[in-house]
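Structure file protein-v2.pdb; described as PDB, C-alpha atoms and all ligand atoms.
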```
ATOM      1  CA  MET A 319    -136.435 128.639 -89.787  1.00  0.00           C
ATOM      2  CA  ASP A 320    -139.491 130.533 -91.124  1.00  0.00           C
ATOM      3  CA  LYS A 321    -139.736 134.250 -90.429  1.00  0.00           C
ATOM      4  CA  PRO A 322    -141.416 134.569 -87.002  1.00  0.00           C
ATOM      5  CA  ILE A 323    -144.826 136.120 -86.512  1.00  0.00           C
ATOM      6  CA  ILE A 324    -144.456 139.308 -84.448  1.00  0.00           C
ATOM      7  CA  ARG A 325    -147.309 140.785 -82.433  1.00  0.00           C
ATOM      8  CA  ALA A 326    -147.983 142.617 -79.171  1.00  0.00           C
ATOM      9  CA  ALA A 327    -148.111 140.341 -76.120  1.00  0.00           C
ATOM     10  CA  VAL A 328    -151.427 139.862 -74.302  1.00  0.00           C
ATOM     11  CA  GLU A 329    -152.116 138.414 -70.852  1.00  0.00           C
ATOM     12  CA  ALA A 330    -152.666 134.921 -72.298  1.00  0.00           C
ATOM     13  CA  ASP A 331    -149.005 134.947 -73.433  1.00  0.00           C
ATOM     14  CA  ALA A 332    -147.678 134.916 -69.850  1.00  0.00           C
ATOM     15  CA  GLU A 333    -146.970 131.142 -69.886  1.00  0.00           C
ATOM     16  CA  GLY A 334    -145.295 131.370 -73.293  1.00  0.00           C
ATOM     17  CA  ILE A 335    -143.044 134.215 -72.135  1.00  0.00           C
ATOM     18  CA  ALA A 336    -142.264 132.287 -68.944  1.00  0.00           C
ATOM     19  CA  GLY A 337    -141.221 129.382 -71.178  1.00  0.00           C
ATOM     20  CA  VAL A 338    -138.638 131.623 -72.849  1.00  0.00           C
ATOM     21  CA  LEU A 339    -137.324 132.806 -69.463  1.00  0.00           C
ATOM     22  CA  LYS A 340    -137.170 129.225 -68.109  1.00  0.00           C
ATOM     23  CA  ALA A 341    -135.233 128.055 -71.172  1.00  0.00           C
ATOM     24  CA  LEU A 342    -132.697 130.859 -70.559  1.00  0.00           C
ATOM     25  CA  VAL A 343    -132.423 129.860 -66.878  1.00  0.00           C
ATOM     26  CA  ALA A 344    -131.852 126.213 -67.895  1.00  0.00           C
ATOM     27  CA  ALA A 345    -129.096 127.363 -70.276  1.00  0.00           C
ATOM     28  CA  GLY A 346    -127.409 129.348 -67.491  1.00  0.00           C
ATOM     29  CA  LYS A 347    -128.123 132.660 -69.252  1.00  0.00           C
ATOM     30  CA  ARG A 348    -130.574 134.024 -66.672  1.00  0.00           C
ATOM     31  CA  HIS A 349    -130.644 134.142 -62.869  1.00  0.00           C
ATOM     32  CA  LYS A 350    -133.802 136.175 -62.253  1.00  0.00           C
ATOM     33  CA  PRO A 351    -137.474 135.053 -61.876  1.00  0.00           C
ATOM     34  CA  SER A 352    -138.978 133.142 -64.779  1.00  0.00           C
ATOM     35  CA  ASP A 353    -142.564 132.343 -63.790  1.00  0.00           C
ATOM     36  CA  ALA A 354    -145.785 133.423 -65.518  1.00  0.00           C
ATOM     37  CA  LEU A 355    -146.746 135.907 -62.780  1.00  0.00           C
ATOM     38  CA  PHE A 356    -143.381 137.645 -63.213  1.00  0.00           C
ATOM     39  CA  ALA A 357    -143.877 137.694 -66.997  1.00  0.00           C
ATOM     40  CA  LEU A 358    -147.282 139.283 -66.494  1.00  0.00           C
ATOM     41  CA  SER A 359    -146.288 141.913 -63.941  1.00  0.00           C
ATOM     42  CA  HIS A 360    -142.849 142.761 -65.322  1.00  0.00           C
ATOM     43  CA  TYR A 361    -143.479 142.705 -69.069  1.00  0.00           C
ATOM     44  CA  ILE A 362    -147.072 142.264 -70.267  1.00  0.00           C
ATOM     45  CA  SER A 363    -148.931 144.464 -67.774  1.00  0.00           C
ATOM     46  CA  ASP A 364    -146.139 146.639 -66.373  1.00  0.00           C
ATOM     47  CA  PRO A 365    -147.529 150.180 -65.957  1.00  0.00           C
ATOM     48  CA  GLU A 366    -144.421 151.624 -67.675  1.00  0.00           C
ATOM     49  CA  ARG A 367    -144.802 149.268 -70.657  1.00  0.00           C
ATOM     50  CA  ILE A 368    -144.771 150.927 -74.048  1.00  0.00           C
ATOM     51  CA  ARG A 369    -144.846 147.677 -76.023  1.00  0.00           C
ATOM     52  CA  CYS A 370    -143.963 144.082 -75.272  1.00  0.00           C
ATOM     53  CA  SER A 371    -143.601 142.254 -78.605  1.00  0.00           C
ATOM     54  CA  ILE A 372    -143.473 138.498 -78.941  1.00  0.00           C
ATOM     55  CA  ALA A 373    -142.163 136.303 -81.736  1.00  0.00           C
ATOM     56  CA  LEU A 374    -144.066 133.133 -82.563  1.00  0.00           C
ATOM     57  CA  ALA A 375    -143.241 130.074 -84.625  1.00  0.00           C
ATOM     58  CA  PRO A 376    -145.944 128.951 -87.100  1.00  0.00           C
ATOM     59  CA  ASP A 377    -147.125 126.363 -84.537  1.00  0.00           C
ATOM     60  CA  GLY A 378    -147.643 129.116 -81.928  1.00  0.00           C
ATOM     61  CA  GLU A 379    -144.522 128.431 -79.831  1.00  0.00           C
ATOM     62  CA  VAL A 380    -143.219 131.649 -78.272  1.00  0.00           C
ATOM     63  CA  LEU A 381    -139.609 131.922 -79.508  1.00  0.00           C
ATOM     64  CA  GLY A 382    -138.750 135.157 -77.772  1.00  0.00           C
ATOM     65  CA  PHE A 383    -139.912 138.605 -76.780  1.00  0.00           C
ATOM     66  CA  GLN A 384    -138.708 142.182 -76.510  1.00  0.00           C
ATOM     67  CA  SER A 385    -139.861 144.654 -73.907  1.00  0.00           C
ATOM     68  CA  LEU A 386    -139.854 148.437 -74.310  1.00  0.00           C
ATOM     69  CA  LYS A 387    -140.651 150.459 -71.198  1.00  0.00           C
ATOM     70  CA  LEU A 388    -140.623 154.146 -70.353  1.00  0.00           C
ATOM     71  CA  ALA A 389    -137.878 155.303 -67.981  1.00  0.00           C
ATOM     72  CA  THR A 390    -139.541 157.128 -65.094  1.00  0.00           C
ATOM     73  CA  GLU A 391    -138.114 158.636 -61.876  1.00  0.00           C
ATOM     74  CA  ASN A 392    -136.112 156.116 -59.821  1.00  0.00           C
ATOM     75  CA  ASN A 393    -135.998 153.469 -62.556  1.00  0.00           C
ATOM     76  CA  PRO A 394    -133.648 150.648 -61.543  1.00  0.00           C
ATOM     77  CA  TYR A 395    -131.150 151.340 -64.344  1.00  0.00           C
ATOM     78  CA  GLU A 396    -130.855 155.089 -63.649  1.00  0.00           C
ATOM     79  CA  VAL A 397    -131.786 155.764 -67.245  1.00  0.00           C
ATOM     80  CA  ALA A 398    -132.668 159.355 -68.206  1.00  0.00           C
ATOM     81  CA  VAL A 399    -136.362 160.009 -67.557  1.00  0.00           C
ATOM     82  CA  GLY A 400    -138.310 159.914 -70.818  1.00  0.00           C
ATOM     83  CA  TRP A 401    -136.026 157.478 -72.600  1.00  0.00           C
ATOM     84  CA  GLY A 402    -137.024 153.917 -73.449  1.00  0.00           C
ATOM     85  CA  ILE A 403    -135.583 150.857 -71.697  1.00  0.00           C
ATOM     86  CA  ILE A 404    -135.270 147.713 -73.811  1.00  0.00           C
ATOM     87  CA  GLY A 405    -134.889 144.062 -72.879  1.00  0.00           C
ATOM     88  CA  THR A 406    -134.637 141.069 -75.241  1.00  0.00           C
ATOM     89  CA  HIS A 407    -134.998 137.360 -74.516  1.00  0.00           C
ATOM     90  CA  ILE A 408    -134.791 134.606 -77.142  1.00  0.00           C
ATOM     91  CA  LYS A 409    -134.960 130.836 -76.523  1.00  0.00           C
ATOM     92  CA  PRO A 410    -131.476 129.380 -76.972  1.00  0.00           C
ATOM     93  CA  THR A 411    -132.910 126.869 -79.474  1.00  0.00           C
ATOM     94  CA  ALA A 412    -134.126 129.777 -81.668  1.00  0.00           C
ATOM     95  CA  ALA A 413    -131.018 131.968 -81.360  1.00  0.00           C
ATOM     96  CA  ARG A 414    -129.162 133.384 -84.344  1.00  0.00           C
ATOM     97  CA  HIS A 415    -132.112 133.033 -86.730  1.00  0.00           C
ATOM     98  CA  GLY A 416    -133.063 136.697 -86.910  1.00  0.00           C
ATOM     99  CA  VAL A 417    -135.807 136.540 -84.246  1.00  0.00           C
ATOM    100  CA  ALA A 418    -134.454 139.441 -82.171  1.00  0.00           C
ATOM    101  CA  ARG A 419    -133.759 141.430 -85.329  1.00  0.00           C
ATOM    102  CA  ALA A 420    -137.424 141.031 -86.362  1.00  0.00           C
ATOM    103  CA  LEU A 421    -138.580 142.053 -82.883  1.00  0.00           C
ATOM    104  CA  PHE A 422    -136.609 145.289 -83.014  1.00  0.00           C
ATOM    105  CA  GLU A 423    -138.600 146.456 -86.063  1.00  0.00           C
ATOM    106  CA  SER A 424    -141.726 146.347 -83.901  1.00  0.00           C
ATOM    107  CA  THR A 425    -140.012 147.964 -80.906  1.00  0.00           C
ATOM    108  CA  LEU A 426    -138.539 150.772 -82.975  1.00  0.00           C
ATOM    109  CA  ALA A 427    -141.952 151.532 -84.503  1.00  0.00           C
ATOM    110  CA  ALA A 428    -143.387 151.770 -80.974  1.00  0.00           C
ATOM    111  CA  ALA A 429    -140.548 154.058 -79.867  1.00  0.00           C
ATOM    112  CA  GLN A 430    -141.146 156.348 -82.847  1.00  0.00           C
ATOM    113  CA  GLN A 431    -144.907 156.436 -82.239  1.00  0.00           C
ATOM    114  CA  LYS A 432    -144.286 157.317 -78.596  1.00  0.00           C
ATOM    115  CA  GLY A 433    -141.826 160.054 -79.602  1.00  0.00           C
ATOM    116  CA  LEU A 434    -138.972 158.671 -77.490  1.00  0.00           C
ATOM    117  CA  PRO A 435    -135.665 160.477 -78.014  1.00  0.00           C
ATOM    118  CA  ALA A 436    -133.540 157.428 -77.208  1.00  0.00           C
ATOM    119  CA  ILE A 437    -133.561 153.813 -75.985  1.00  0.00           C
ATOM    120  CA  ASP A 438    -131.198 152.414 -73.343  1.00  0.00           C
ATOM    121  CA  ALA A 439    -129.930 148.833 -73.353  1.00  0.00           C
ATOM    122  CA  THR A 440    -128.074 147.825 -70.181  1.00  0.00           C
ATOM    123  CA  ILE A 441    -126.127 144.634 -70.887  1.00  0.00           C
ATOM    124  CA  GLY A 442    -123.871 142.485 -68.732  1.00  0.00           C
ATOM    125  CA  ALA A 443    -120.269 143.278 -69.573  1.00  0.00           C
ATOM    126  CA  ASN A 444    -119.663 139.518 -69.831  1.00  0.00           C
ATOM    127  CA  ASN A 445    -122.550 138.917 -72.273  1.00  0.00           C
ATOM    128  CA  PRO A 446    -120.980 138.956 -75.754  1.00  0.00           C
ATOM    129  CA  GLU A 447    -124.200 137.890 -77.523  1.00  0.00           C
ATOM    130  CA  GLY A 448    -126.180 140.719 -75.941  1.00  0.00           C
ATOM    131  CA  LEU A 449    -123.431 143.239 -76.663  1.00  0.00           C
ATOM    132  CA  GLY A 450    -123.115 141.989 -80.261  1.00  0.00           C
ATOM    133  CA  TYR A 451    -126.865 142.010 -80.835  1.00  0.00           C
ATOM    134  CA  TYR A 452    -127.458 145.581 -79.660  1.00  0.00           C
ATOM    135  CA  GLU A 453    -124.399 146.856 -81.520  1.00  0.00           C
ATOM    136  CA  ALA A 454    -125.777 145.225 -84.697  1.00  0.00           C
ATOM    137  CA  MET A 455    -129.117 147.004 -84.164  1.00  0.00           C
ATOM    138  CA  GLY A 456    -127.336 150.389 -84.003  1.00  0.00           C
ATOM    139  CA  PHE A 457    -126.926 150.858 -80.241  1.00  0.00           C
ATOM    140  CA  ARG A 458    -123.657 152.445 -79.117  1.00  0.00           C
ATOM    141  CA  GLU A 459    -121.942 152.476 -75.714  1.00  0.00           C
ATOM    142  CA  TYR A 460    -122.465 155.731 -73.787  1.00  0.00           C
ATOM    143  CA  ARG A 461    -121.595 154.775 -70.198  1.00  0.00           C
ATOM    144  CA  ARG A 462    -120.555 151.898 -67.950  1.00  0.00           C
ATOM    145  CA  MET A 463    -122.015 150.763 -64.659  1.00  0.00           C
ATOM    146  CA  GLU A 464    -120.636 148.111 -62.349  1.00  0.00           C
ATOM    147  CA  GLY A 465    -120.495 144.916 -64.413  1.00  0.00           C
ATOM    148  CA  ALA A 466    -122.623 146.382 -67.188  1.00  0.00           C
ATOM    149  CA  VAL A 467    -122.318 148.305 -70.426  1.00  0.00           C
ATOM    150  CA  CYS A 468    -125.046 150.809 -71.341  1.00  0.00           C
ATOM    151  CA  LYS A 469    -125.699 151.352 -75.012  1.00  0.00           C
ATOM    152  CA  VAL A 470    -128.001 153.951 -76.515  1.00  0.00           C
ATOM    153  CA  PHE A 471    -130.051 153.969 -79.706  1.00  0.00           C
ATOM    154  CA  ARG A 472    -130.894 157.526 -80.794  1.00  0.00           C
ATOM    155  CA  VAL A 473    -134.457 157.476 -82.116  1.00  0.00           C
ATOM    156  CA  SER A 474    -134.434 161.174 -82.880  1.00  0.00           C
ATOM    157  CA  GLU A 475    -131.675 163.775 -82.803  1.00  0.00           C
ATOM    158  CA  ASP A 476    -132.364 166.007 -79.805  1.00  0.00           C
TER     159      ASP A 476
HETATM  160  C1  LIG A 501    -128.773 138.392 -77.523  1.00  0.00           C
HETATM  161  C2  LIG A 501    -130.023 137.797 -78.123  1.00  0.00           C
HETATM  162  C3  LIG A 501    -131.236 138.648 -77.760  1.00  0.00           C
HETATM  163  C4  LIG A 501    -129.877 137.771 -79.664  1.00  0.00           C
HETATM  164  O1  LIG A 501    -131.090 137.255 -80.237  1.00  0.00           O
HETATM  165  P1  LIG A 501    -131.071 136.481 -81.651  1.00  0.00           P
HETATM  166  O2  LIG A 501    -132.495 136.250 -82.077  1.00  0.00           O
HETATM  167  O3  LIG A 501    -130.216 135.284 -81.548  1.00  0.00           O
HETATM  168  O4  LIG A 501    -130.394 137.575 -82.582  1.00  0.00           O
HETATM  169  P2  LIG A 501    -130.513 137.666 -84.190  1.00  0.00           P
HETATM  170  O5  LIG A 501    -130.431 136.272 -84.748  1.00  0.00           O
HETATM  171  O6  LIG A 501    -131.707 138.471 -84.570  1.00  0.00           O
HETATM  172  O7  LIG A 501    -129.174 138.440 -84.526  1.00  0.00           O
HETATM  173  C5  LIG A 501    -129.131 139.761 -85.061  1.00  0.00           C
HETATM  174  C6  LIG A 501    -127.679 140.201 -85.062  1.00  0.00           C
HETATM  175  O8  LIG A 501    -127.215 140.354 -83.717  1.00  0.00           O
HETATM  176  C7  LIG A 501    -125.827 139.959 -83.625  1.00  0.00           C
HETATM  177  N1  LIG A 501    -125.721 138.768 -82.779  1.00  0.00           N
HETATM  178  C8  LIG A 501    -126.693 137.911 -82.405  1.00  0.00           C
HETATM  179  N2  LIG A 501    -126.207 136.923 -81.621  1.00  0.00           N
HETATM  180  C9  LIG A 501    -124.885 137.160 -81.518  1.00  0.00           C
HETATM  181  C10 LIG A 501    -123.826 136.477 -80.847  1.00  0.00           C
HETATM  182  N3  LIG A 501    -124.058 135.337 -80.151  1.00  0.00           N
HETATM  183  N4  LIG A 501    -122.576 136.983 -80.946  1.00  0.00           N
HETATM  184  C11 LIG A 501    -122.338 138.125 -81.649  1.00  0.00           C
HETATM  185  N5  LIG A 501    -123.303 138.813 -82.312  1.00  0.00           N
HETATM  186  C12 LIG A 501    -124.563 138.335 -82.245  1.00  0.00           C
HETATM  187  C13 LIG A 501    -125.411 139.602 -85.050  1.00  0.00           C
HETATM  188  O9  LIG A 501    -124.902 140.756 -85.681  1.00  0.00           O
HETATM  189  C14 LIG A 501    -126.748 139.198 -85.682  1.00  0.00           C
HETATM  190  O10 LIG A 501    -126.755 139.335 -87.080  1.00  0.00           O
HETATM  191  P3  LIG A 501    -126.237 138.112 -88.023  1.00  0.00           P
HETATM  192  O11 LIG A 501    -126.804 136.833 -87.469  1.00  0.00           O
HETATM  193  O12 LIG A 501    -126.774 138.463 -89.378  1.00  0.00           O
HETATM  194  O13 LIG A 501    -124.752 138.148 -87.912  1.00  0.00           O
HETATM  195  C15 LIG A 501    -130.250 136.335 -77.639  1.00  0.00           C
HETATM  196  O14 LIG A 501    -129.068 135.602 -77.838  1.00  0.00           O
HETATM  197  C16 LIG A 501    -130.640 136.216 -76.169  1.00  0.00           C
HETATM  198  O15 LIG A 501    -131.817 136.288 -75.838  1.00  0.00           O
HETATM  199  N6  LIG A 501    -129.662 136.022 -75.283  1.00  0.00           N
HETATM  200  C17 LIG A 501    -129.929 135.813 -73.852  1.00  0.00           C
HETATM  201  C18 LIG A 501    -130.521 137.038 -73.174  1.00  0.00           C
HETATM  202  C19 LIG A 501    -129.705 138.291 -73.427  1.00  0.00           C
HETATM  203  O16 LIG A 501    -128.501 138.248 -73.342  1.00  0.00           O
HETATM  204  N7  LIG A 501    -130.406 139.401 -73.778  1.00  0.00           N
HETATM  205  C20 LIG A 501    -129.748 140.651 -74.180  1.00  0.00           C
HETATM  206  C21 LIG A 501    -129.076 141.393 -73.077  1.00  0.00           C
HETATM  207  S1  LIG A 501    -130.212 141.994 -71.866  1.00  0.00           S
END
```

Could you render the structure as structure tokens?
Amino acid sequence: MDKPIIRAAVEADAEGIAGVLKALVAAGKRHKPSDALFALSHYISDPERIRCSIALAPDGEVLGFQSLKLATENNPYEVAVGWGIIGTHIKPTAARHGVARALFESTLAAAQQKGLPAIDATIGANNPEGLGYYEAMGFREYRRMEGAVCKVFRVSED
């Protein structure tokens, strides 16, 4: 597989992002909404968005995306205010080809530009691919919640 093209998502990418989410639902790896309106409100245009990066194949197919948001008061994951919150979604047909690794370069650059001290990844405890991926990117476990493992990536030493 060629190296994916990485760029910031725009509103016109909502259907492409929904396609990634639908493919994960079909594979039994996702149980949350997967429509274009959700993609738009939750990732592309979310007010807490720092950067939503997408990975494209040469033919324009959206292979996956990575969301970086700012943790504010009352965020659903109870992440420390001011940290980043990351989420990664790759089409099962594109998995294990370095797509998520390439996306993290873009996300990390955004986190550094924003001056974030740290990024939280909250991963299902029964999701070995998610746990393995974030560990490989340098995230380390710092707490557990019910059914989930929280890993942190320290962007800067505070
Ligand atoms: C987890 C996920 C994001 C990984 O994306 P990916 O593009 O396949 O990952 P990459 O190919 O860039 O892998 C980078 C590294 O992560 C680790 N990794 C990736 N998939 C893995 C797996 N299934 N098992 C163990 N480690 C894995 C490896 O160290 C890998 O490096 P290597 O291939 O050189 O060994 C993807 O499988 C996915 O979207 N899963 C469903 C949604 C999800 O679980 N999201 C994360 C939790 S919220």

| request: Select, from A:Pro365, A:Gly400, A:Gly465, A:Gly416, the residue with the minimum atom-to-atom distance to Ile324 of chain A, counting only C-alpha atoms. | output: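 When distances to Ile324 of chain A are compared using only C-alpha atoms, the smallest one comes from A:Gly416.
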
| request: Rank nothing, just name the residue among A:Gln431, A:Ser371, A:Thr411, A:Ser352 nearest to ligand LIG 501 (chain A), using all atoms listed in the file. | output: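 Looking only at the distances to ligand LIG 501 (chain A), the closest residue turns out to be A:Thr411.
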
Quick one: 8 Å padding each side, axis-aligned, all listed atoms of segment 354-368 of chain A - centre and edge lengths in Å to one decimal, as JSON?
```
{"center_x": -145.9, "center_y": 142.5, "center_z": -68.4, "size_x": 22.1, "size_y": 34.2, "size_z": 27.3}
```

| request: Tell me which protein, DNA and RNA residues are within 10 Å of Ala354 of chain A, counting only C-alpha atoms, leaving out same-chain ones fewer than 6 positions away, and put them as a ChimeraX atom specification. | output: /A:329-337,339-340,360

| Result set of the PyMOL selection byres (((not hetatm)) within 6 of (chain A and resi 501)) on the coordinates above, as a PyMOL selection string | chain A and resi 347+405-408+413-419+441+446-448+450-451+454

Write out, as an mmCIF file, in the frame of the given file, the residues just selected, with C-alpha atoms.
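result_18.cif, freshly written:
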```cif
data_model
loop_
_atom_site.group_PDB
_atom_site.id
_atom_site.type_symbol
_atom_site.label_atom_id
_atom_site.label_comp_id
_atom_site.auth_asym_id
_atom_site.auth_seq_id
_atom_site.Cartn_x
_atom_site.Cartn_y
_atom_site.Cartn_z
ATOM 1 C CA LYS A 347 -128.123 132.660 -69.252
ATOM 2 C CA GLY A 405 -134.889 144.062 -72.879
ATOM 3 C CA THR A 406 -134.637 141.069 -75.241
ATOM 4 C CA HIS A 407 -134.998 137.360 -74.516
ATOM 5 C CA ILE A 408 -134.791 134.606 -77.142
ATOM 6 C CA ALA A 413 -131.018 131.968 -81.360
ATOM 7 C CA ARG A 414 -129.162 133.384 -84.344
ATOM 8 C CA HIS A 415 -132.112 133.033 -86.730
ATOM 9 C CA GLY A 416 -133.063 136.697 -86.910
ATOM 10 C CA VAL A 417 -135.807 136.540 -84.246
ATOM 11 C CA ALA A 418 -134.454 139.441 -82.171
ATOM 12 C CA ARG A 419 -133.759 141.430 -85.329
ATOM 13 C CA ILE A 441 -126.127 144.634 -70.887
ATOM 14 C CA PRO A 446 -120.980 138.956 -75.754
ATOM 15 C CA GLU A 447 -124.200 137.890 -77.523
ATOM 16 C CA GLY A 448 -126.180 140.719 -75.941
ATOM 17 C CA GLY A 450 -123.115 141.989 -80.261
ATOM 18 C CA TYR A 451 -126.865 142.010 -80.835
ATOM 19 C CA ALA A 454 -125.777 145.225 -84.697
#
```

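One finds atom CA of Gln384 of chain A at 21.3 Å from atom CA of Tyr460 of chain A.
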
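Restricting the calculation to only C-alpha atoms, the smallest distance between Gly402 of chain A and any of A:Ser359, A:Ser385, A:Ser424, A:Asn445 is found for A:Ser385.
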
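Comparing the minimum interatomic distances between Ala398 of chain A and each of A:Gly442, A:Pro435, A:Gly456, A:Pro322, counting only C-alpha atoms, we find that A:Pro435 sits nearest.
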
| query | At what distance in Å, to one decimal, does atom CA of Val343 of chain A lie from atom CA of Ala412 of chain A? | reply | 14.9 Å

So that I can check the surroundings of Leu426 of chain A, please list as a short mmCIF file (atom, residue, chain, number, x, y, z; two decimals) with C-alpha atoms, in the coordinates of the input every protein, DNA and RNA residue that reaches within 10 Å of it, counting all atoms listed in the file and ignoring chain neighbours fewer than 5 positions away.
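So the final result, stored in around.cif, reads:
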```cif
data_model
loop_
_atom_site.label_atom_id
_atom_site.label_comp_id
_atom_site.auth_asym_id
_atom_site.auth_seq_id
_atom_site.Cartn_x
_atom_site.Cartn_y
_atom_site.Cartn_z
CA ARG A 369 -144.85 147.68 -76.02
CA LEU A 386 -139.85 148.44 -74.31
CA LEU A 421 -138.58 142.05 -82.88
CA GLN A 431 -144.91 156.44 -82.24
CA LYS A 432 -144.29 157.32 -78.60
CA LEU A 434 -138.97 158.67 -77.49
CA ILE A 437 -133.56 153.81 -75.98
CA PHE A 471 -130.05 153.97 -79.71
CA VAL A 473 -134.46 157.48 -82.12
#
```

| Separation of atom CA of Val470 of chain A and atom CA of Arg458 of chain A, in Å? |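 These atoms are spaced 5.3 Å apart.
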
| field | Evaluate the PyMOL selection byres (((chain A and resi 320) around 8) and not hetatm) and report residues as a ChimeraX atom specification | value | /A:319,321-322,375-376

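Nearest to Val399 of chain A of all the residues A:Ala327, A:Ala357, A:Ala436, A:Val338 is A:Ala436, based on only C-alpha atoms.
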
| message | Considering all atoms listed in the file, can you say which of A:Asp438, A:Lys409, A:Arg472, A:Ala428 comes closest to Ala345 of chain A? | response |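 Answer, going by the shortest atom-to-atom distance: A:Lys409.
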
| said: Which residues are close to Arg462 of chain A, i.e. within 9 Å by all atoms listed in the file, leaving aside same-chain residues fewer than 6 positions away? Reply as a list of chain:residue names. | reply: A:Thr440, A:Ala443, A:Cys468, A:Lys469

Next, dump the selected residues to file, keeping only C-alpha atoms, as a JSON list (two decimals), in the coordinates of the input.
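File produced: again_31.json:
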```json
[["chain", "number", "residue", "atom", "x", "y", "z"],
["A", 440, "THR", "CA", -128.07, 147.82, -70.18],
["A", 443, "ALA", "CA", -120.27, 143.28, -69.57],
["A", 468, "CYS", "CA", -125.05, 150.81, -71.34],
["A", 469, "LYS", "CA", -125.70, 151.35, -75.01]]
```
